[in-house]
Amino acid sequence: MGRYVGPKARINRRLGFQVFESAGAVRALERKEYPPGMVQRRRKATIYGLALIEKQKIKYYYGLREKHLRRYFDKARRMKGNTGNNLLVLCERRLDNVIRRAGLAVTRPQARQGCVHGHFQLNGRTVTKPSIQVRAGDVITVKNRPNLKKMYQEVSSASQGDCSWVSFDSDELKAIVTSLPTMDDVSLPVDVGQVVAFLSR
């Protein structure tokens, strides 16, 4: 599955939100709080344009491609309950997102890279897919290698975990999924109703 590797600051400025958490992208949005490109006469945003922005927030925030996002949407639509809430909860349960929320990575791209390189183990088995859906009771640990332990010890001390449904032991570098996330646990401010209407077209 591909990932976005273009300029992150432009995405932050275009969406008007800190989708990417890298220092350069955050500074760019603070300096220039207007969209990138040539200065044009401001036009009133259309309903389609507003819905597109909300969809792009989810897509870039969780590091998804369009095909992957629509696959999640189809799965959420078949599940019981609110489709929009189900969509965000599915995205929140991704392994790379849980690693970021636990504090083992500073950004989601960093968490994704660690997954792909096999730095983490899920329930004692090395995994290389950042899109794995975690379940309640799952245990995520750093592979038992001195260089990785040292690196993620430094990362975890610099990063701040802010997740109520994941408990993290900084000494053992172990994260335990205590329960499944709910809509209240989603950290992304997005109008999911517009996203559902957009993807249902």
# chains A, B, ... in the order shown; residues from 1 in each chain; ligands from 1
$ residues_around --residues "Glu33 (chain A)" --least-positions-apart "5" --cutoff "9 Å" --atoms "only C-alpha atoms" --output "number ranges by chain"
A: 13-14, 16, 28
$ select_by_dssp --residues "region 132-197 of chain A" --states "helix (DSSP H, G or I)" --output "ChimeraX atom specification"
/A:146-158,183-185,192-197
$ closest_residue --among "A:Leu95, A:Val89, A:Val155, A:Ala102" --to "Ile132 (chain A)" --atoms "only C-alpha atoms"
A:Leu95
$ residues_around --residues "Val196 (chain A)" --least-positions-apart "3" --cutoff "8 Å" --atoms "only C-alpha atoms" --output "ChimeraX atom specification"
/A:83-84,192-193,199-200
$ closest_residue --among "A:Ser22, A:Asn12, A:Ser167, A:Thr46" --to "Tyr60 (chain A)" --atoms "only C-alpha atoms"
A:Asn12
$ atom_distance --atom1 "CA of Arg77 (chain A)" --atom2 "CA of Gln194 (chain A)"
14.7 Å
$ closest_residue --among "A:Ala9, A:Ser179, A:Glu92, A:Asp171" --to "Arg31 (chain A)" --atoms "only C-alpha atoms"
A:Ala9
$ closest_atom_pairs --of "region 74-109 of chain A" --to "region 119-129 of chain A" --cutoff "12 Å" --atoms "only C-alpha atoms" --output "tab-separated table"
residue	atom	partner	partner_atom	distance
A:Arg94	CA	A:Lys129	CA	9.5
A:Leu95	CA	A:Lys129	CA	7.9
A:Asp96	CA	A:Lys129	CA	8.6
A:Asn97	CA	A:Lys129	CA	11.9
A:Val98	CA	A:Leu122	CA	11.4
A:Ile99	CA	A:Phe120	CA	9.1
A:Leu104	CA	A:Phe120	CA	10.0
A:Ala105	CA	A:Phe120	CA	11.5
$ write_last_selection --atoms "C-alpha atoms" --output "CSV table (one decimal), in the first residue's frame"
chain,number,residue,atom,x,y,z
A,94,ARG,CA,-4.8,0.8,13.0
A,95,LEU,CA,-1.6,-0.5,14.5
A,96,ASP,CA,0.5,2.5,13.4
A,97,ASN,CA,-2.0,4.9,15.0
A,98,VAL,CA,-2.0,2.9,18.3
A,99,ILE,CA,1.8,3.1,18.4
A,104,LEU,CA,6.3,5.0,20.9
A,105,ALA,CA,6.5,7.5,18.0
$ residues_around --residues "Arg100 (chain A)" --least-positions-apart "5" --cutoff "8 Å" --atoms "only C-alpha atoms" --output "number ranges by chain"
A: 105-108, 111, 161
$ decode --residues "region 43-73 of chain A" --atoms "N, CA, C and O atoms" --output "tab-separated table (two decimals), in the first residue's frame"
chain	number	residue	atom	x	y	z
A	43	ARG	N	-13.01	32.74	-2.77
A	43	ARG	CA	-14.33	32.32	-3.22
A	43	ARG	C	-15.03	31.57	-2.10
A	43	ARG	O	-14.39	30.92	-1.29
A	44	LYS	N	-16.32	31.65	-2.10
A	44	LYS	CA	-17.09	30.93	-1.09
A	44	LYS	C	-17.01	29.44	-1.38
A	44	LYS	O	-17.23	28.99	-2.50
A	45	ALA	N	-16.66	28.67	-0.36
A	45	ALA	CA	-16.50	27.23	-0.54
A	45	ALA	C	-17.85	26.57	-0.82
A	45	ALA	O	-18.86	26.93	-0.21
A	46	THR	N	-17.86	25.63	-1.74
A	46	THR	CA	-19.08	24.89	-2.07
A	46	THR	C	-19.27	23.75	-1.07
A	46	THR	O	-18.36	23.40	-0.31
A	47	ILE	N	-20.46	23.16	-1.10
A	47	ILE	CA	-20.73	22.00	-0.23
A	47	ILE	C	-19.78	20.86	-0.57
A	47	ILE	O	-19.25	20.19	0.31
A	48	TYR	N	-19.55	20.65	-1.87
A	48	TYR	CA	-18.63	19.61	-2.32
A	48	TYR	C	-17.22	19.90	-1.82
A	48	TYR	O	-16.52	19.00	-1.34
A	49	GLY	N	-16.79	21.16	-1.93
A	49	GLY	CA	-15.44	21.52	-1.50
A	49	GLY	C	-15.22	21.32	-0.01
A	49	GLY	O	-14.17	20.83	0.42
A	50	LEU	N	-16.22	21.68	0.80
A	50	LEU	CA	-16.11	21.50	2.25
A	50	LEU	C	-16.05	20.02	2.62
A	50	LEU	O	-15.28	19.61	3.48
A	51	ALA	N	-16.89	19.20	1.94
A	51	ALA	CA	-16.89	17.76	2.21
A	51	ALA	C	-15.56	17.13	1.79
A	51	ALA	O	-15.04	16.23	2.46
A	52	LEU	N	-15.00	17.62	0.68
A	52	LEU	CA	-13.72	17.10	0.20
A	52	LEU	C	-12.61	17.38	1.22
A	52	LEU	O	-11.77	16.51	1.49
A	53	ILE	N	-12.62	18.57	1.79
A	53	ILE	CA	-11.61	18.92	2.80
A	53	ILE	C	-11.71	18.00	4.01
A	53	ILE	O	-10.70	17.51	4.53
A	54	GLU	N	-12.94	17.73	4.46
A	54	GLU	CA	-13.12	16.85	5.62
A	54	GLU	C	-12.62	15.44	5.31
A	54	GLU	O	-12.01	14.78	6.15
A	55	LYS	N	-12.89	14.97	4.08
A	55	LYS	CA	-12.42	13.63	3.70
A	55	LYS	C	-10.90	13.58	3.64
A	55	LYS	O	-10.27	12.62	4.10
A	56	GLN	N	-10.29	14.64	3.11
A	56	GLN	CA	-8.84	14.68	2.99
A	56	GLN	C	-8.18	14.72	4.37
A	56	GLN	O	-7.07	14.21	4.54
A	57	LYS	N	-8.84	15.32	5.35
A	57	LYS	CA	-8.29	15.32	6.71
A	57	LYS	C	-8.09	13.89	7.20
A	57	LYS	O	-7.04	13.54	7.73
A	58	ILE	N	-9.13	13.07	7.05
A	58	ILE	CA	-9.04	11.67	7.50
A	58	ILE	C	-7.96	10.93	6.72
A	58	ILE	O	-7.14	10.20	7.29
A	59	LYS	N	-7.95	11.16	5.43
A	59	LYS	CA	-7.02	10.44	4.55
A	59	LYS	C	-5.56	10.72	4.91
A	59	LYS	O	-4.75	9.79	5.06
A	60	TYR	N	-5.21	11.99	5.08
A	60	TYR	CA	-3.82	12.33	5.38
A	60	TYR	C	-3.47	12.11	6.85
A	60	TYR	O	-2.34	11.75	7.17
A	61	TYR	N	-4.42	12.32	7.74
A	61	TYR	CA	-4.16	12.16	9.17
A	61	TYR	C	-3.75	10.73	9.51
A	61	TYR	O	-2.82	10.50	10.28
A	62	TYR	N	-4.46	9.77	8.92
A	62	TYR	CA	-4.17	8.36	9.20
A	62	TYR	C	-3.25	7.72	8.15
A	62	TYR	O	-2.96	6.53	8.25
A	63	GLY	N	-2.80	8.49	7.17
A	63	GLY	CA	-1.85	7.98	6.18
A	63	GLY	C	-2.45	6.97	5.23
A	63	GLY	O	-1.82	5.95	4.92
A	64	LEU	N	-3.67	7.23	4.75
A	64	LEU	CA	-4.37	6.30	3.87
A	64	LEU	C	-4.34	6.77	2.43
A	64	LEU	O	-4.23	7.97	2.16
A	65	ARG	N	-4.47	5.83	1.52
A	65	ARG	CA	-4.72	6.16	0.12
A	65	ARG	C	-6.23	6.12	-0.10
A	65	ARG	O	-6.99	5.58	0.71
A	66	GLU	N	-6.67	6.66	-1.22
A	66	GLU	CA	-8.10	6.75	-1.51
A	66	GLU	C	-8.76	5.37	-1.51
A	66	GLU	O	-9.84	5.18	-0.93
A	67	LYS	N	-8.11	4.40	-2.11
A	67	LYS	CA	-8.66	3.05	-2.20
A	67	LYS	C	-8.83	2.43	-0.82
A	67	LYS	O	-9.84	1.78	-0.52
A	68	HIS	N	-7.83	2.65	0.04
A	68	HIS	CA	-7.87	2.10	1.39
A	68	HIS	C	-8.97	2.76	2.22
A	68	HIS	O	-9.67	2.10	3.00
A	69	LEU	N	-9.12	4.08	2.07
A	69	LEU	CA	-10.17	4.79	2.80
A	69	LEU	C	-11.55	4.29	2.40
A	69	LEU	O	-12.42	4.07	3.25
A	70	ARG	N	-11.75	4.08	1.10
A	70	ARG	CA	-13.05	3.60	0.64
A	70	ARG	C	-13.30	2.16	1.09
A	70	ARG	O	-14.45	1.76	1.32
A	71	ARG	N	-12.25	1.38	1.24
A	71	ARG	CA	-12.40	0.02	1.76
A	71	ARG	C	-12.87	0.06	3.22
A	71	ARG	O	-13.75	-0.70	3.62
A	72	TYR	N	-12.30	0.97	3.99
A	72	TYR	CA	-12.76	1.16	5.37
A	72	TYR	C	-14.21	1.62	5.40
A	72	TYR	O	-15.00	1.19	6.25
A	73	PHE	N	-14.58	2.51	4.46
A	73	PHE	CA	-15.95	3.03	4.43
A	73	PHE	C	-16.94	1.91	4.12
A	73	PHE	O	-18.01	1.82	4.74
